[in-house]
file model-v2.pdb (PDB, C-alpha atoms)
ATOM      1  CA  THR A   1       2.012  16.100  -4.689  1.00  0.00           C
ATOM      2  CA  ASN A   2       5.605  15.535  -5.832  1.00  0.00           C
ATOM      3  CA  ASP A   3       7.771  12.882  -7.489  1.00  0.00           C
ATOM      4  CA  ALA A   4       4.847  10.958  -8.938  1.00  0.00           C
ATOM      5  CA  SER A   5       5.500   7.512 -10.397  1.00  0.00           C
ATOM      6  CA  VAL A   6       2.846   6.193 -12.759  1.00  0.00           C
ATOM      7  CA  LEU A   7       2.407   2.854 -14.502  1.00  0.00           C
ATOM      8  CA  SER A   8      -0.404   2.543 -17.046  1.00  0.00           C
ATOM      9  CA  PHE A   9      -1.461  -0.301 -19.277  1.00  0.00           C
ATOM     10  CA  ASP A  10      -4.393  -1.599 -21.291  1.00  0.00           C
ATOM     11  CA  PHE A  11      -5.854  -5.077 -20.903  1.00  0.00           C
ATOM     12  CA  VAL A  12      -8.714  -7.123 -22.334  1.00  0.00           C
ATOM     13  CA  PRO A  13     -10.449  -9.170 -19.584  1.00  0.00           C
ATOM     14  CA  THR A  14     -12.568 -12.245 -20.286  1.00  0.00           C
ATOM     15  CA  GLY A  15     -14.913 -11.559 -17.346  1.00  0.00           C
ATOM     16  CA  ASN A  16     -16.876  -8.799 -15.623  1.00  0.00           C
ATOM     17  CA  GLN A  17     -14.447  -8.279 -12.733  1.00  0.00           C
ATOM     18  CA  ILE A  18     -10.714  -8.386 -12.044  1.00  0.00           C
ATOM     19  CA  THR A  19      -8.741  -8.868  -8.850  1.00  0.00           C
ATOM     20  CA  PHE A  20      -5.158  -8.699  -7.605  1.00  0.00           C
ATOM     21  CA  GLN A  21      -3.281  -8.343  -4.338  1.00  0.00           C
ATOM     22  CA  TYR A  22      -1.002  -5.533  -3.226  1.00  0.00           C
ATOM     23  CA  VAL A  23       0.797  -3.922  -0.277  1.00  0.00           C
ATOM     24  CA  PHE A  24       1.368  -0.205   0.386  1.00  0.00           C
ATOM     25  CA  GLY A  25       4.280   0.925   2.569  1.00  0.00           C
ATOM     26  CA  SER A  26       6.148   4.081   3.485  1.00  0.00           C
ATOM     27  CA  THR A  27       9.064   5.477   5.464  1.00  0.00           C
ATOM     28  CA  GLU A  28       6.641   8.208   6.555  1.00  0.00           C
ATOM     29  CA  TYR A  29       5.391   5.552   9.028  1.00  0.00           C
ATOM     30  CA  ASN A  30       5.306   5.911  12.032  1.00  0.00           C
ATOM     31  CA  TYR A  31       6.839   9.332  12.571  1.00  0.00           C
ATOM     32  CA  TYR A  32       4.540  11.307  10.272  1.00  0.00           C
ATOM     33  CA  VAL A  33       1.194   9.536  10.784  1.00  0.00           C
ATOM     34  CA  ASN A  34      -1.689  12.047  11.061  1.00  0.00           C
ATOM     35  CA  SER A  35       0.380  14.829   9.497  1.00  0.00           C
ATOM     36  CA  GLN A  36       0.292  16.693   6.193  1.00  0.00           C
ATOM     37  CA  TYR A  37       2.910  14.248   4.814  1.00  0.00           C
ATOM     38  CA  ASN A  38       0.179  11.812   3.832  1.00  0.00           C
ATOM     39  CA  ASP A  39       1.747   9.994   0.884  1.00  0.00           C
ATOM     40  CA  VAL A  40      -0.942   8.394  -1.236  1.00  0.00           C
ATOM     41  CA  PHE A  41      -1.398   6.149  -4.209  1.00  0.00           C
ATOM     42  CA  ALA A  42      -4.275   4.994  -6.387  1.00  0.00           C
ATOM     43  CA  PHE A  43      -5.286   2.185  -8.738  1.00  0.00           C
ATOM     44  CA  PHE A  44      -7.520   3.718 -11.365  1.00  0.00           C
ATOM     45  CA  VAL A  45      -9.448   1.059 -13.264  1.00  0.00           C
ATOM     46  CA  ASN A  46     -11.275   2.799 -16.109  1.00  0.00           C
ATOM     47  CA  ASP A  47     -10.825   6.107 -14.217  1.00  0.00           C
ATOM     48  CA  VAL A  48     -12.221   4.829 -10.878  1.00  0.00           C
ATOM     49  CA  ASN A  49      -9.840   4.528  -7.901  1.00  0.00           C
ATOM     50  CA  LYS A  50     -10.144   1.018  -6.433  1.00  0.00           C
ATOM     51  CA  ALA A  51      -7.279   1.223  -3.894  1.00  0.00           C
ATOM     52  CA  LEU A  52      -9.614   1.387  -0.911  1.00  0.00           C
ATOM     53  CA  VAL A  53      -9.583   0.188   2.685  1.00  0.00           C
ATOM     54  CA  PRO A  54     -11.582  -3.085   2.628  1.00  0.00           C
ATOM     55  CA  ASN A  55     -15.345  -2.675   2.889  1.00  0.00           C
ATOM     56  CA  THR A  56     -15.115   1.142   2.761  1.00  0.00           C
ATOM     57  CA  ASP A  57     -14.794   3.968   0.248  1.00  0.00           C
ATOM     58  CA  ILE A  58     -11.688   5.315   2.059  1.00  0.00           C
ATOM     59  CA  PRO A  59      -8.476   5.517  -0.045  1.00  0.00           C
ATOM     60  CA  VAL A  60      -5.470   3.582   1.240  1.00  0.00           C
ATOM     61  CA  ALA A  61      -2.988   6.168   2.566  1.00  0.00           C
ATOM     62  CA  ILE A  62      -0.730   6.757   5.574  1.00  0.00           C
ATOM     63  CA  ASN A  63      -3.363   8.697   7.517  1.00  0.00           C
ATOM     64  CA  ASN A  64      -6.063   6.145   6.688  1.00  0.00           C
ATOM     65  CA  VAL A  65      -4.204   2.915   7.582  1.00  0.00           C
ATOM     66  CA  ASN A  66      -2.058   3.092  10.724  1.00  0.00           C
ATOM     67  CA  CYS A  67      -1.826   2.247  14.416  1.00  0.00           C
ATOM     68  CA  GLY A  68      -1.169   5.790  15.560  1.00  0.00           C
ATOM     69  CA  GLN A  69       1.779   8.170  15.439  1.00  0.00           C
ATOM     70  CA  ASN A  70       5.136   7.711  17.166  1.00  0.00           C
ATOM     71  CA  ASN A  71       7.703  10.475  17.663  1.00  0.00           C
ATOM     72  CA  GLY A  72      10.480   8.030  16.949  1.00  0.00           C
ATOM     73  CA  PRO A  73      10.791   4.259  16.535  1.00  0.00           C
ATOM     74  CA  ALA A  74       8.099   2.081  18.071  1.00  0.00           C
ATOM     75  CA  THR A  75       8.100  -1.425  19.462  1.00  0.00           C
ATOM     76  CA  SER A  76       7.241  -3.730  16.600  1.00  0.00           C
ATOM     77  CA  GLY A  77       3.491  -4.235  16.381  1.00  0.00           C
ATOM     78  CA  SER A  78       2.503  -1.777  19.104  1.00  0.00           C
ATOM     79  CA  PRO A  79       0.044   1.089  18.586  1.00  0.00           C
ATOM     80  CA  GLY A  80       1.361   4.614  18.789  1.00  0.00           C
ATOM     81  CA  ALA A  81      -0.133   7.840  20.087  1.00  0.00           C
ATOM     82  CA  GLY A  82      -2.985   9.851  18.666  1.00  0.00           C
ATOM     83  CA  ALA A  83      -5.717   8.800  16.279  1.00  0.00           C
ATOM     84  CA  VAL A  84      -5.666   5.228  14.971  1.00  0.00           C
ATOM     85  CA  SER A  85      -7.159   4.315  11.570  1.00  0.00           C
ATOM     86  CA  ASN A  86      -7.804   0.762  10.375  1.00  0.00           C
ATOM     87  CA  CYS A  87      -5.039  -0.613  12.597  1.00  0.00           C
ATOM     88  CA  SER A  88      -5.986  -4.226  11.777  1.00  0.00           C
ATOM     89  CA  TYR A  89      -4.609  -3.690   8.259  1.00  0.00           C
ATOM     90  CA  PHE A  90      -1.291  -2.168   9.417  1.00  0.00           C
ATOM     91  CA  ILE A  91       2.099  -3.822  10.040  1.00  0.00           C
ATOM     92  CA  ASN A  92       4.666  -1.807  11.998  1.00  0.00           C
ATOM     93  CA  ASN A  93       8.102  -2.445  10.490  1.00  0.00           C
ATOM     94  CA  ARG A  94      10.388  -0.679  13.007  1.00  0.00           C
ATOM     95  CA  ASN A  95      12.314  -1.909  16.028  1.00  0.00           C
ATOM     96  CA  ASN A  96      13.023   0.290  19.058  1.00  0.00           C
ATOM     97  CA  ASP A  97      16.401   1.261  17.605  1.00  0.00           C
ATOM     98  CA  GLY A  98      14.816   2.447  14.337  1.00  0.00           C
ATOM     99  CA  THR A  99      16.037  -0.461  12.239  1.00  0.00           C
ATOM    100  CA  ALA A 100      13.707  -2.475  10.039  1.00  0.00           C
ATOM    101  CA  SER A 101      11.937  -5.212  11.952  1.00  0.00           C
ATOM    102  CA  ASN A 102      11.940  -8.912  11.200  1.00  0.00           C
ATOM    103  CA  ASP A 103       9.290 -10.017  13.698  1.00  0.00           C
ATOM    104  CA  PRO A 104       7.345 -12.912  12.114  1.00  0.00           C
ATOM    105  CA  THR A 105       4.551 -12.559  14.677  1.00  0.00           C
ATOM    106  CA  VAL A 106       3.463  -9.309  13.000  1.00  0.00           C
ATOM    107  CA  GLY A 107       4.547 -10.157   9.451  1.00  0.00           C
ATOM    108  CA  ALA A 108       7.316  -7.547   9.434  1.00  0.00           C
ATOM    109  CA  ASN A 109      10.091  -7.756   6.867  1.00  0.00           C
ATOM    110  CA  ALA A 110      13.653  -6.513   7.456  1.00  0.00           C
ATOM    111  CA  LEU A 111      14.365  -6.733   3.712  1.00  0.00           C
ATOM    112  CA  VAL A 112      11.922  -3.863   3.084  1.00  0.00           C
ATOM    113  CA  ASN A 113      13.274  -0.718   4.734  1.00  0.00           C
ATOM    114  CA  LEU A 114       9.924   0.992   5.154  1.00  0.00           C
ATOM    115  CA  GLY A 115       8.581   2.184   8.512  1.00  0.00           C
ATOM    116  CA  GLY A 116       5.244   0.466   8.037  1.00  0.00           C
ATOM    117  CA  LEU A 117       3.231  -1.585   5.574  1.00  0.00           C
ATOM    118  CA  THR A 118      -0.344  -2.550   5.030  1.00  0.00           C
ATOM    119  CA  SER A 119      -1.221  -6.202   5.262  1.00  0.00           C
ATOM    120  CA  VAL A 120      -1.873  -7.853   1.907  1.00  0.00           C
ATOM    121  CA  LEU A 121      -4.937  -6.115   0.447  1.00  0.00           C
ATOM    122  CA  THR A 122      -7.120  -7.286  -2.423  1.00  0.00           C
ATOM    123  CA  LEU A 123      -8.432  -5.049  -5.192  1.00  0.00           C
ATOM    124  CA  VAL A 124     -11.669  -5.972  -6.938  1.00  0.00           C
ATOM    125  CA  ALA A 125     -12.908  -3.857  -9.861  1.00  0.00           C
ATOM    126  CA  ASP A 126     -15.745  -4.045 -12.347  1.00  0.00           C
ATOM    127  CA  VAL A 127     -14.516  -4.133 -15.936  1.00  0.00           C
ATOM    128  CA  ASN A 128     -15.910  -4.394 -19.448  1.00  0.00           C
ATOM    129  CA  PRO A 129     -15.381  -7.933 -20.785  1.00  0.00           C
ATOM    130  CA  ASN A 130     -13.753  -8.662 -24.144  1.00  0.00           C
ATOM    131  CA  VAL A 131     -12.864  -5.023 -24.859  1.00  0.00           C
ATOM    132  CA  THR A 132      -9.919  -2.803 -23.933  1.00  0.00           C
ATOM    133  CA  ASN A 133      -9.856  -1.512 -20.343  1.00  0.00           C
ATOM    134  CA  THR A 134      -7.248   0.801 -18.808  1.00  0.00           C
ATOM    135  CA  MET A 135      -5.421   0.742 -15.477  1.00  0.00           C
ATOM    136  CA  TYR A 136      -3.281   3.527 -13.998  1.00  0.00           C
ATOM    137  CA  ILE A 137      -1.211   2.856 -10.888  1.00  0.00           C
ATOM    138  CA  ALA A 138       0.109   6.092  -9.387  1.00  0.00           C
ATOM    139  CA  ILE A 139       2.028   6.977  -6.209  1.00  0.00           C
ATOM    140  CA  ALA A 140       3.356  10.343  -5.056  1.00  0.00           C
ATOM    141  CA  ASP A 141       4.831  12.312  -2.160  1.00  0.00           C
ATOM    142  CA  THR A 142       2.400  14.688  -0.478  1.00  0.00           C
ATOM    143  CA  SER A 143       3.412  18.163   0.780  1.00  0.00           C
ATOM    144  CA  ASP A 144       7.135  17.554   0.132  1.00  0.00           C
ATOM    145  CA  ASP A 145       9.513  15.427  -1.946  1.00  0.00           C
ATOM    146  CA  GLN A 146      11.211  13.439   0.839  1.00  0.00           C
ATOM    147  CA  LEU A 147      11.100   9.891   2.261  1.00  0.00           C
ATOM    148  CA  ASP A 148      10.061   6.755   0.371  1.00  0.00           C
ATOM    149  CA  SER A 149       6.657   5.282  -0.255  1.00  0.00           C
ATOM    150  CA  ALA A 150       6.038   2.179  -2.324  1.00  0.00           C
ATOM    151  CA  VAL A 151       3.350  -0.155  -3.573  1.00  0.00           C
ATOM    152  CA  PHE A 152       4.018  -3.826  -4.347  1.00  0.00           C
ATOM    153  CA  LEU A 153       1.844  -5.939  -6.627  1.00  0.00           C
ATOM    154  CA  GLU A 154       1.873  -9.666  -5.997  1.00  0.00           C
ATOM    155  CA  GLY A 155       3.029 -11.468  -9.111  1.00  0.00           C
ATOM    156  CA  GLY A 156       0.490 -13.721 -10.772  1.00  0.00           C
ATOM    157  CA  THR A 157      -2.552 -12.414  -8.875  1.00  0.00           C
ATOM    158  CA  LEU A 158      -4.027 -10.189 -11.601  1.00  0.00           C
ATOM    159  CA  SER A 159      -6.922 -12.253 -12.932  1.00  0.00           C
ATOM    160  CA  VAL A 160     -10.588 -12.203 -13.818  1.00  0.00           C
ATOM    161  CA  CYS A 161     -12.828 -13.394 -11.001  1.00  0.00           C
ATOM    162  CA  GLY A 162     -16.348 -14.214  -9.945  1.00  0.00           C
ATOM    163  CA  GLY A 163     -17.537 -16.002 -13.073  1.00  0.00           C
ATOM    164  CA  PRO A 164     -17.901 -19.686 -13.959  1.00  0.00           C
ATOM    165  CA  GLY A 165     -14.547 -21.435 -13.602  1.00  0.00           C
ATOM    166  CA  GLN A 166     -12.947 -18.286 -12.154  1.00  0.00           C
ATOM    167  CA  PRO A 167     -11.614 -17.652  -8.626  1.00  0.00           C
ATOM    168  CA  PRO A 168     -13.853 -15.801  -6.140  1.00  0.00           C
ATOM    169  CA  CYS A 169     -13.490 -12.023  -5.947  1.00  0.00           C
ATOM    170  CA  ASN A 170     -14.108 -11.585  -2.233  1.00  0.00           C
ATOM    171  CA  PRO A 171     -10.943 -11.454  -0.073  1.00  0.00           C
ATOM    172  CA  PRO A 172     -10.763 -12.535   3.590  1.00  0.00           C
ATOM    173  CA  SER A 173     -12.151  -9.904   5.974  1.00  0.00           C
ATOM    174  CA  VAL A 174      -8.669  -9.342   7.510  1.00  0.00           C
ATOM    175  CA  PRO A 175      -5.739 -10.535   5.356  1.00  0.00           C
ATOM    176  CA  GLU A 176      -3.097 -12.526   7.202  1.00  0.00           C
ATOM    177  CA  PRO A 177       0.146 -10.532   7.758  1.00  0.00           C
ATOM    178  CA  GLY A 178       2.080 -13.778   7.331  1.00  0.00           C
ATOM    179  CA  THR A 179       1.386 -13.720   3.595  1.00  0.00           C
ATOM    180  CA  MET A 180       3.770 -10.750   3.147  1.00  0.00           C
ATOM    181  CA  PRO A 181       6.726 -13.018   2.162  1.00  0.00           C
ATOM    182  CA  LEU A 182       4.788 -13.952  -0.987  1.00  0.00           C
ATOM    183  CA  LEU A 183       5.662 -10.497  -2.290  1.00  0.00           C
ATOM    184  CA  GLY A 184       9.391 -11.149  -2.161  1.00  0.00           C
ATOM    185  CA  ILE A 185       9.583 -12.702  -5.622  1.00  0.00           C
ATOM    186  CA  GLY A 186       7.558 -11.863  -8.702  1.00  0.00           C
ATOM    187  CA  ALA A 187       6.354  -8.501  -7.409  1.00  0.00           C
ATOM    188  CA  LEU A 188       6.380  -5.136  -9.133  1.00  0.00           C
ATOM    189  CA  GLY A 189       7.225  -2.153  -6.932  1.00  0.00           C
ATOM    190  CA  LEU A 190       6.654   1.529  -7.662  1.00  0.00           C
ATOM    191  CA  LEU A 191       8.980   3.507  -5.401  1.00  0.00           C
ATOM    192  CA  LEU A 192       9.527   7.187  -4.709  1.00  0.00           C
ATOM    193  CA  ALA A 193      13.193   8.059  -4.982  1.00  0.00           C
ATOM    194  CA  ARG A 194      14.240  10.552  -2.283  1.00  0.00           C
ATOM    195  CA  ARG A 195      15.851   8.595   0.586  1.00  0.00           C
ATOM    196  CA  ARG A 196      16.920   9.257   4.143  1.00  0.00           C
ATOM    197  CA  LYS A 197      18.419   6.718   6.532  1.00  0.00           C
ATOM    198  CA  SER A 198      15.928   7.496   9.310  1.00  0.00           C
ATOM    199  CA  PRO A 199      12.988   9.865   9.853  1.00  0.00           C
ATOM    200  CA  GLN A 200      14.049  13.343  10.909  1.00  0.00           C
ATOM    201  CA  PRO A 201      12.027  16.473  11.708  1.00  0.00           C
ATOM    202  CA  ARG A 202      11.388  18.433   8.542  1.00  0.00           C
TER     203      ARG A 202
END

call {"tool": "encode", "arguments": {"input": "model-v2.pdb", "output": "structure tokens"}}
result
Amino acid sequence: TNDASVLSFDFVPTGNQITFQYVFGSTEYNYYVNSQYNDVFAFFVNDVNKALVPNTDIPVAINNVNCGQNNGPATSGSPGAGAVSNCSYFINNRNNDGTASNDPTVGANALVNLGGLTSVLTLVADVNPNVTNTMYIAIADTSDDQLDSAVFLEGGTLSVCGGPGQPPCNPPSVPEPGTMPLLGIGALGLLLARRRKSPQPR
């Protein structure tokens, strides 16, 4: 991996579990789906990665959440060619001309110049109450140091859950793409730096 960005912090929870919501996106979508350029990230809570596709043990990554590969821009929301992985959690963010989409029917967002995004995902992690716990959030390029990937944390969603007087930990089975605009304000983004205006063959 290359160009890693890492945020780490300690926290003292008042319950046995924590939860928050996040979105992963990349300019590697859709051109480099199912390739070696599989940019990845992880949320390590007490050294255990909890950034997983819902109801699986599969890490969230370009090759694990997509609607197929396109050799160029795709119609917003349409599947591409080749293998498809967890397409119900993917939002295509490109128009036919390669520009960022702003199609509200698929939750796309022209203000975020990434080729694709996950829908809003929810992390749930076991923690040790009333003592110090550690979280590492890391994102990195894979196989090269080009094109952006990012993860956005929804402001105000980090909380204890599941106990008396606490919110439930279980997210909806398929998060609604329309909740993406919630990430526009009060979100923390970790972004890889190398930029290109549009995907090009490497």

call {"tool": "closest_residue", "arguments": {"input": "model-v2.pdb", "among": "A:Ile62, A:Cys161, A:Ile18, A:Val131", "to": "A:Asn38", "atoms": "only C-alpha atoms"}}
result
A:Ile62

call {"tool": "atom_distance", "arguments": {"input": "model-v2.pdb", "atom1": "atom CA of A:Met135", "atom2": "atom CA of A:Ala150"}}
result
17.5 Å

call {"tool": "resolve_selection", "arguments": {"input": "model-v2.pdb", "expression": "the PyMOL selection byres ((chain A and resi 51) around 8)", "output": "ChimeraX atom specification"}}
result
/A:41-44,49-50,52-53,59-60,123

call {"tool": "atom_distance", "arguments": {"input": "model-v2.pdb", "atom1": "atom CA of A:Glu28", "atom2": "atom CA of A:Gln69"}}
result
10.1 Å

call {"tool": "closest_residue", "arguments": {"input": "model-v2.pdb", "among": "A:Asn113, A:Gly162, A:Tyr89, A:Cys169", "to": "A:Val23", "atoms": "only C-alpha atoms"}}
result
A:Tyr89

call {"tool": "residues_around", "arguments": {"input": "model-v2.pdb", "residues": "A:Thr132", "least_positions_apart": "2", "cutoff": "12 Å", "atoms": "all atoms listed in the file", "output": "mmCIF file with C-alpha atoms, in the frame of the given file"}}
result
data_model
loop_
_atom_site.group_PDB
_atom_site.id
_atom_site.type_symbol
_atom_site.label_atom_id
_atom_site.label_comp_id
_atom_site.auth_asym_id
_atom_site.auth_seq_id
_atom_site.Cartn_x
_atom_site.Cartn_y
_atom_site.Cartn_z
ATOM 1 C CA PHE A 9 -1.461 -0.301 -19.277
ATOM 2 C CA ASP A 10 -4.393 -1.599 -21.291
ATOM 3 C CA PHE A 11 -5.854 -5.077 -20.903
ATOM 4 C CA VAL A 12 -8.714 -7.123 -22.334
ATOM 5 C CA PRO A 13 -10.449 -9.170 -19.584
ATOM 6 C CA THR A 14 -12.568 -12.245 -20.286
ATOM 7 C CA VAL A 45 -9.448 1.059 -13.264
ATOM 8 C CA ASN A 46 -11.275 2.799 -16.109
ATOM 9 C CA VAL A 127 -14.516 -4.133 -15.936
ATOM 10 C CA ASN A 128 -15.910 -4.394 -19.448
ATOM 11 C CA PRO A 129 -15.381 -7.933 -20.785
ATOM 12 C CA ASN A 130 -13.753 -8.662 -24.144
ATOM 13 C CA THR A 134 -7.248 0.801 -18.808
ATOM 14 C CA MET A 135 -5.421 0.742 -15.477
#

call {"tool": "closest_residue", "arguments": {"input": "model-v2.pdb", "among": "A:Asp47, A:Gly15, A:Asn93, A:Tyr32", "to": "A:Asn63", "atoms": "only C-alpha atoms"}}
result
A:Tyr32

call {"tool": "closest_residue", "arguments": {"input": "model-v2.pdb", "among": "A:Ser88, A:Val160, A:Val33, A:Ala61", "to": "A:Ala140", "atoms": "all atoms listed in the file"}}
result
A:Ala61

call {"tool": "residues_around", "arguments": {"input": "model-v2.pdb", "residues": "A:Asn86", "least_positions_apart": "6", "cutoff": "9 Å", "atoms": "only C-alpha atoms", "output": "list in words"}}
result
Val53, Asn64, Val65, Asn66 and Cys67 of chain A

call {"tool": "write_last_selection", "arguments": {"input": "model-v2.pdb", "atoms": "C-alpha atoms", "output": "PDB file, in the coordinates of the input"}}
result
ATOM      1  CA  VAL A  53      -9.583   0.188   2.685  1.00  0.00           C
ATOM      2  CA  ASN A  64      -6.063   6.145   6.688  1.00  0.00           C
ATOM      3  CA  VAL A  65      -4.204   2.915   7.582  1.00  0.00           C
ATOM      4  CA  ASN A  66      -2.058   3.092  10.724  1.00  0.00           C
ATOM      5  CA  CYS A  67      -1.826   2.247  14.416  1.00  0.00           C
TER       6      CYS A  67
END

call {"tool": "resolve_selection", "arguments": {"input": "model-v2.pdb", "expression": "the PyMOL selection byres ((chain A and resi 116) around 10)", "output": "compact mmCIF listing (two decimals) with C-alpha atoms, in the frame of the given file"}}
result
# COMPACT_ATOMS: atom_id res chain seq x y z
CA PHE A 24 1.37 -0.20 0.39
CA GLY A 25 4.28 0.92 2.57
CA SER A 26 6.15 4.08 3.48
CA THR A 27 9.06 5.48 5.46
CA GLU A 28 6.64 8.21 6.56
CA TYR A 29 5.39 5.55 9.03
CA ASN A 30 5.31 5.91 12.03
CA ILE A 62 -0.73 6.76 5.57
CA VAL A 65 -4.20 2.92 7.58
CA ASN A 66 -2.06 3.09 10.72
CA CYS A 67 -1.83 2.25 14.42
CA SER A 76 7.24 -3.73 16.60
CA GLY A 77 3.49 -4.24 16.38
CA PHE A 90 -1.29 -2.17 9.42
CA ILE A 91 2.10 -3.82 10.04
CA ASN A 92 4.67 -1.81 12.00
CA ASN A 93 8.10 -2.44 10.49
CA ARG A 94 10.39 -0.68 13.01
CA ALA A 100 13.71 -2.48 10.04
CA SER A 101 11.94 -5.21 11.95
CA ALA A 108 7.32 -7.55 9.43
CA ASN A 109 10.09 -7.76 6.87
CA VAL A 112 11.92 -3.86 3.08
CA ASN A 113 13.27 -0.72 4.73
CA LEU A 114 9.92 0.99 5.15
CA GLY A 115 8.58 2.18 8.51
CA LEU A 117 3.23 -1.58 5.57
CA THR A 118 -0.34 -2.55 5.03
CA SER A 119 -1.22 -6.20 5.26
CA SER A 149 6.66 5.28 -0.26

call {"tool": "atom_distance", "arguments": {"input": "model-v2.pdb", "atom1": "atom CA of A:Asn170", "atom2": "atom CA of A:Asp57"}}
result
15.8 Å

call {"tool": "closest_residue", "arguments": {"input": "model-v2.pdb", "among": "A:Gln17, A:Thr56, A:Gln166, A:Ser8", "to": "A:Val124", "atoms": "all atoms listed in the file"}}
result
A:Gln17

call {"tool": "residues_around", "arguments": {"input": "model-v2.pdb", "residues": "A:Thr157", "least_positions_apart": "4", "cutoff": "10 Å", "atoms": "only C-alpha atoms", "output": "PDB file with C-alpha atoms, keeping the file's coordinate frame"}}
result
ATOM      1  CA  ILE A  18     -10.714  -8.386 -12.044  1.00  0.00           C
ATOM      2  CA  THR A  19      -8.741  -8.868  -8.850  1.00  0.00           C
ATOM      3  CA  PHE A  20      -5.158  -8.699  -7.605  1.00  0.00           C
ATOM      4  CA  GLN A  21      -3.281  -8.343  -4.338  1.00  0.00           C
ATOM      5  CA  TYR A  22      -1.002  -5.533  -3.226  1.00  0.00           C
ATOM      6  CA  THR A 122      -7.120  -7.286  -2.423  1.00  0.00           C
ATOM      7  CA  LEU A 153       1.844  -5.939  -6.627  1.00  0.00           C
ATOM      8  CA  ALA A 187       6.354  -8.501  -7.409  1.00  0.00           C
TER       9      ALA A 187
END
